[in-house]
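Undergrad: For reference, this is input_25.cif, and it has mmCIF, C-alpha atoms.
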data_data
loop_
_atom_site.label_atom_id
_atom_site.label_comp_id
_atom_site.auth_asym_id
_atom_site.auth_seq_id
_atom_site.Cartn_x
_atom_site.Cartn_y
_atom_site.Cartn_z
CA MET A 1 -42.89 18.40 -189.01
CA THR A 2 -43.64 16.65 -192.29
CA GLY A 3 -43.78 13.28 -190.53
CA LYS A 4 -47.16 14.28 -189.16
CA LEU A 5 -48.47 14.33 -192.73
CA ASP A 6 -47.14 10.93 -193.80
CA GLU A 7 -50.44 9.13 -193.18
CA LEU A 8 -52.37 11.82 -195.03
CA LYS A 9 -49.87 11.79 -197.89
CA ASP A 10 -50.38 8.07 -198.45
CA ARG A 11 -54.14 8.59 -198.62
CA ALA A 12 -53.73 11.62 -200.88
CA LEU A 13 -51.68 9.64 -203.40
CA LYS A 14 -54.39 6.97 -203.47
CA GLU A 15 -57.10 9.58 -204.03
CA LEU A 16 -55.18 11.12 -206.93
CA ARG A 17 -54.34 7.86 -208.65
CA THR A 18 -56.01 7.94 -212.06
CA ASP A 19 -57.36 4.43 -211.79
CA GLN A 20 -60.48 2.93 -213.35
CA ASP A 21 -62.74 3.95 -210.46
CA LEU A 22 -61.74 7.61 -210.60
CA ILE A 23 -62.12 7.75 -214.38
CA LEU A 24 -65.50 6.01 -214.46
CA LEU A 25 -66.96 8.06 -211.60
CA THR A 26 -65.78 11.25 -213.30
CA ILE A 27 -67.47 10.23 -216.55
CA PHE A 28 -70.72 9.09 -214.93
CA SER A 29 -71.03 12.10 -212.62
CA THR A 30 -70.49 14.51 -215.51
CA LEU A 31 -73.02 12.67 -217.68
CA LEU A 32 -75.57 12.68 -214.86
CA ALA A 33 -75.08 16.41 -214.31
CA ALA A 34 -75.50 17.09 -218.03
CA PHE A 35 -78.64 14.94 -218.22
CA GLY A 36 -79.96 16.70 -215.12
CA VAL A 37 -79.46 20.07 -216.77
CA LYS A 38 -81.04 18.84 -220.01
CA ILE A 39 -84.21 17.55 -218.36
CA ALA A 40 -84.19 20.28 -215.69
CA ASN A 41 -84.23 17.73 -212.88
CA GLU A 42 -82.60 18.90 -209.65
CA TYR A 43 -82.66 15.40 -208.19
CA VAL A 44 -80.50 14.06 -211.02
CA ILE A 45 -78.11 16.99 -210.60
CA THR A 46 -77.88 16.26 -206.87
CA GLY A 47 -77.15 12.63 -207.69
CA SER A 48 -74.28 13.69 -209.93
CA MET A 49 -72.75 15.62 -207.04
CA LEU A 50 -73.13 12.65 -204.71
CA ILE A 51 -71.04 10.36 -206.91
CA SER A 52 -68.59 13.00 -208.14
CA PRO A 53 -64.99 12.05 -207.25
CA LEU A 54 -63.63 15.57 -207.80
CA PHE A 55 -63.89 16.81 -204.22
CA ASN A 56 -61.35 14.43 -202.68
CA PRO A 57 -58.63 14.83 -205.36
CA ILE A 58 -58.89 18.61 -205.08
CA LEU A 59 -58.23 18.47 -201.34
CA SER A 60 -55.64 15.72 -201.72
CA ILE A 61 -53.39 17.89 -203.87
CA LEU A 62 -52.77 20.14 -200.86
CA VAL A 63 -51.06 17.46 -198.77
CA PRO A 64 -47.83 17.22 -200.84
CA ILE A 65 -47.54 21.02 -200.65
CA PHE A 66 -47.57 21.04 -196.85
CA ALA A 67 -45.37 17.93 -196.75
CA ASP A 68 -42.75 19.72 -198.89
CA ASP A 69 -42.85 16.87 -201.39
CA LYS A 70 -42.39 18.52 -204.80
CA LYS A 71 -42.30 15.27 -206.74
CA SER A 72 -45.63 14.10 -205.31
CA PHE A 73 -47.12 17.55 -205.87
CA TRP A 74 -46.38 17.57 -209.59
CA THR A 75 -47.68 14.01 -209.88
CA SER A 76 -50.82 15.02 -207.99
CA LEU A 77 -51.30 18.15 -210.08
CA LYS A 78 -51.00 16.15 -213.29
CA SER A 79 -53.59 13.64 -212.08
CA LEU A 80 -56.00 16.35 -210.94
CA LEU A 81 -55.73 18.26 -214.22
CA THR A 82 -56.29 15.01 -216.11
CA VAL A 83 -59.51 14.35 -214.19
CA LEU A 84 -60.76 17.91 -214.65
CA LEU A 85 -59.94 17.81 -218.36
CA LEU A 86 -61.81 14.51 -218.63
CA SER A 87 -64.87 16.00 -216.95
CA PHE A 88 -64.95 19.03 -219.26
CA SER A 89 -64.33 16.81 -222.30
CA VAL A 90 -67.23 14.52 -221.39
CA GLY A 91 -69.47 17.56 -220.98
CA ILE A 92 -68.45 18.97 -224.36
CA LEU A 93 -68.97 15.63 -226.13
CA PHE A 94 -72.38 15.18 -224.48
CA TRP A 95 -73.69 18.57 -225.54
CA LEU A 96 -72.11 18.26 -228.98
CA ALA A 97 -74.04 15.03 -229.49
CA ILE A 98 -77.26 16.69 -228.30
CA TYR A 99 -76.61 19.63 -230.61
CA ILE A 100 -76.05 17.36 -233.63
CA ILE A 101 -79.13 15.25 -232.88
CA GLY A 102 -81.22 18.40 -232.45
CA GLY A 103 -84.59 18.83 -230.82
CA TYR A 104 -83.28 20.55 -227.71
CA GLU A 105 -83.65 24.26 -227.15
CA VAL A 106 -81.36 25.91 -224.62
CA ILE A 107 -83.10 28.22 -222.18
CA SER A 108 -80.77 30.87 -220.84
CA THR A 109 -80.54 30.91 -217.05
CA GLY A 110 -79.07 34.38 -217.10
CA ILE A 111 -75.77 35.46 -215.63
CA PHE A 112 -74.88 33.64 -212.43
CA LYS A 113 -73.84 36.35 -209.99
CA ILE A 114 -70.47 35.53 -208.48
CA SER A 115 -69.81 37.41 -205.26
CA VAL A 116 -67.39 37.39 -202.35
CA ASP A 117 -70.03 35.41 -200.47
CA ASN A 118 -69.74 32.56 -202.98
CA PHE A 119 -65.99 32.44 -202.42
CA LEU A 120 -66.33 32.57 -198.63
CA VAL A 121 -68.89 29.75 -198.66
CA ALA A 122 -66.57 27.62 -200.82
CA MET A 123 -63.68 28.43 -198.48
CA ILE A 124 -65.63 27.45 -195.35
CA LEU A 125 -66.81 24.24 -196.99
CA GLY A 126 -63.24 23.52 -198.04
CA MET A 127 -62.25 23.79 -194.37
CA VAL A 128 -65.08 21.47 -193.35
CA GLY A 129 -64.20 19.06 -196.13
CA MET A 130 -60.56 18.91 -195.04
CA LEU A 131 -61.58 18.31 -191.43
CA LEU A 132 -63.78 15.43 -192.55
CA TRP A 133 -60.92 14.17 -194.68
CA ILE A 134 -58.54 14.24 -191.71
CA TRP A 135 -60.95 12.65 -189.25
CA PRO A 136 -61.55 9.03 -190.42
CA LYS A 137 -64.56 8.50 -188.15
CA VAL A 138 -66.60 11.12 -189.97
CA TYR A 139 -64.94 10.87 -193.38
CA ASN A 140 -67.97 9.29 -195.06
CA THR A 141 -70.14 12.31 -194.31
CA GLY A 142 -68.09 14.32 -196.80
CA ALA A 143 -70.72 13.63 -199.47
CA GLY A 144 -72.86 16.42 -198.04
CA VAL A 145 -70.02 18.88 -198.40
CA ALA A 146 -69.43 17.75 -201.97
CA ILE A 147 -73.05 18.61 -202.74
CA ALA A 148 -72.74 22.08 -201.24
CA ILE A 149 -69.49 22.82 -203.04
CA SER A 150 -71.22 22.10 -206.37
CA LEU A 151 -68.28 21.32 -208.62
CA VAL A 152 -69.88 19.26 -211.37
CA PRO A 153 -73.02 21.29 -212.31
CA PRO A 154 -71.02 24.39 -213.31
CA ILE A 155 -69.07 22.15 -215.70
CA ALA A 156 -72.33 20.89 -217.22
CA TYR A 157 -73.71 24.41 -217.66
CA SER A 158 -70.42 25.84 -218.94
CA THR A 159 -69.99 23.16 -221.60
CA MET A 160 -73.65 23.41 -222.65
CA TYR A 161 -73.49 27.15 -223.22
CA LEU A 162 -70.15 26.74 -224.98
CA ILE A 163 -71.56 24.32 -227.56
CA TYR A 164 -74.71 26.39 -228.10
CA GLY A 165 -72.78 29.62 -228.57
CA TYR A 166 -73.64 31.43 -225.34
CA TYR A 167 -70.01 32.24 -224.69
CA ASP A 168 -70.63 34.84 -222.00
CA LEU A 169 -72.71 32.38 -219.97
CA SER A 170 -70.18 29.61 -220.59
CA LEU A 171 -67.41 31.79 -219.22
CA ASN A 172 -69.63 32.84 -216.32
CA TYR A 173 -70.21 29.25 -215.17
CA PHE A 174 -66.57 28.38 -215.74
CA LEU A 175 -65.64 31.23 -213.40
CA ALA A 176 -68.19 29.90 -210.89
CA PHE A 177 -66.38 26.56 -211.03
CA LEU A 178 -63.03 28.30 -210.45
CA VAL A 179 -64.43 30.21 -207.47
CA ASN A 180 -65.55 26.94 -205.88
CA LEU A 181 -62.25 25.28 -206.75
CA PHE A 182 -59.95 27.95 -205.33
CA GLY A 183 -62.20 28.59 -202.35
CA THR A 184 -62.01 24.89 -201.51
CA LEU A 185 -58.22 24.88 -201.89
CA ILE A 186 -57.73 27.90 -199.65
CA GLY A 187 -60.11 26.57 -197.00
CA GLY A 188 -58.37 23.20 -197.01
CA SER A 189 -54.99 24.93 -196.78
CA VAL A 190 -56.02 26.75 -193.61
CA VAL A 191 -56.89 23.47 -191.89
CA LEU A 192 -53.70 21.75 -193.06
CA PHE A 193 -51.64 24.69 -191.84
CA PHE A 194 -52.88 24.24 -188.28
CA TYR A 195 -52.82 20.46 -188.58
CA LYS A 196 -49.14 20.54 -189.51
CA ARG A 197 -48.43 22.75 -186.51
CA GLY A 198 -49.95 20.10 -184.26
CA ASN A 199 -53.20 21.81 -183.33
CA TYR A 200 -55.42 19.05 -184.71
CA LYS A 201 -55.67 15.37 -183.97
CA THR A 202 -56.54 12.74 -186.53
CA ARG A 203 -59.37 11.34 -184.42
CA LEU A 204 -62.25 12.90 -182.54
#
Once more with this new file: its structure as structure tokens, please.

TA:
Amino acid sequence: MTGKLDELKDRALKELRTDQDLILLTIFSTLLAAFGVKIANEYVITGSMLISPLFNPILSILVPIFADDKKSFWTSLKSLLTVLLLSFSVGILFWLAIYIIGGYEVISTGIFKISVDNFLVAMILGMVGMLLWIWPKVYNTGAGVAIAISLVPPIAYSTMYLIYGYYDLSLNYFLAFLVNLFGTLIGGSVVLFFYKRGNYKTRL
């Protein structure tokens, strides 16, 4: 049954390769999100989500699991954690620089209410994202799903509140990121489960 996933596994390994493109897009998308938060510009924040490379690696890590390839899984997990660590590090360095320079006053957005609905939305979008990832003809439309998932802005808010000492809000937005992350993983897993069983085709 794993042979059905060979094509997807090759693509997954490419998506999770920590090459120059992945690193640069991670840095730029995080910086854009942080600048968007700083100047309170939703358009800039949306732009950061459009160029964020996090969505594809998160879904790609699921393929080695369903292909029963432990070696590729650990390699994929290491690459994904490296990218996520880079994104959080860039956010921390950005806000640390702003804090040292001074002249910026943080306005509390209040606690972001995390509910079951947030998780279900992330799960559904993870399913849609995996379908788009499987179907090459509509793969490029995945940018819209990446926007809805909203992975990068929570990182920008979490690191900002961390540097400025709003630890409860920092934790709150970090949890929001985790909800989106795990919801996406579970949703993608559902699609891959049926795909492996032969209920999906790779083309529309």

Undergrad: Return the single residue from A:Leu62, A:Leu24, A:Leu31, A:Leu93 that is closest to Val44 of chain A, with distances computed using all atoms listed in the file.

TA: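 Using all atoms listed in the file, Val44 of chain A sits closest to A:Leu31.
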
Undergrad: Spell out the residues picked by the PyMOL selection byres ((chain A and resi 162-166) around 8) here, as a ChimeraX atom specification.

TA: /A:92,95-96,99,106,158-161,167-170

Undergrad: Evaluate the PyMOL selection byres ((chain A and resi 57) around 9) against this structure - the residues, as an NGL selection string, please.

TA: :A and (12-13 or 15-17 or 53-56 or 58-61 or 76 or 79-80 or 83)

Undergrad: If we count all atoms listed in the file, what is near Ser72 of chain A at a cut-off of 10 Å, once residues fewer than 3 positions away on the same chain are taken out, given as a list in words?

TA: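 Neighbouring residues, sequence-local ones excluded: Lys9, Ala12, Leu13, Ile61, Val63, Pro64, Ile65, Ala67, Asp68, Asp69, Thr75, Ser76, Leu77 and Lys78 of chain A.
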
Undergrad: Give me, please, the distance in Å between atom CA of Ser89 of chain A and atom CA of Ile27 of chain A, quoted to one decimal.

TA: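 Between atom CA of Ser89 of chain A and atom CA of Ile27 of chain A the gap works out to 9.3 Å.
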
Undergrad: Apply the PyMOL selection byres ((chain A and resi 129) around 9) to the displayed file and report the matching residues as a ChimeraX atom specification.

TA: /A:55-56,59,124-128,130-134,139,142,145-146,184,187-188

Undergrad: Within 7 Å of Phe174 of chain A, counting all atoms listed in the file, which residues qualify if same-chain residues fewer than 2 places away don't, as a PyMOL selection string?

TA: chain A and resi 154-155+158+170-172+176-178

Undergrad: Atom CA of Val152 of chain A and atom CA of Leu85 of chain A, how far apart in Å?

TA: 12.2 Å

Undergrad: In Å to one decimal, how far is atom CA of Thr18 of chain A from atom CA of Ala122 of chain A?

TA: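 Spanning atom CA of Ala122 of chain A to atom CA of Thr18 of chain A is a straight-line distance of 25.0 Å.
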
Undergrad: With distances taken over only C-alpha atoms, which residue among A:Phe94, A:Trp74, A:Phe35, A:Phe28 lies nearest Ser52 of chain A?

TA: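 Of the candidates, the smallest distance to Ser52 of chain A is held by A:Phe28.
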
Undergrad: Restricting the calculation to only C-alpha atoms, which member of A:Tyr157, A:Phe73, A:Trp135, A:Phe88 is positioned closest to Ala34 of chain A?

TA: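 Result for the nearest residue to Ala34 of chain A: A:Tyr157.
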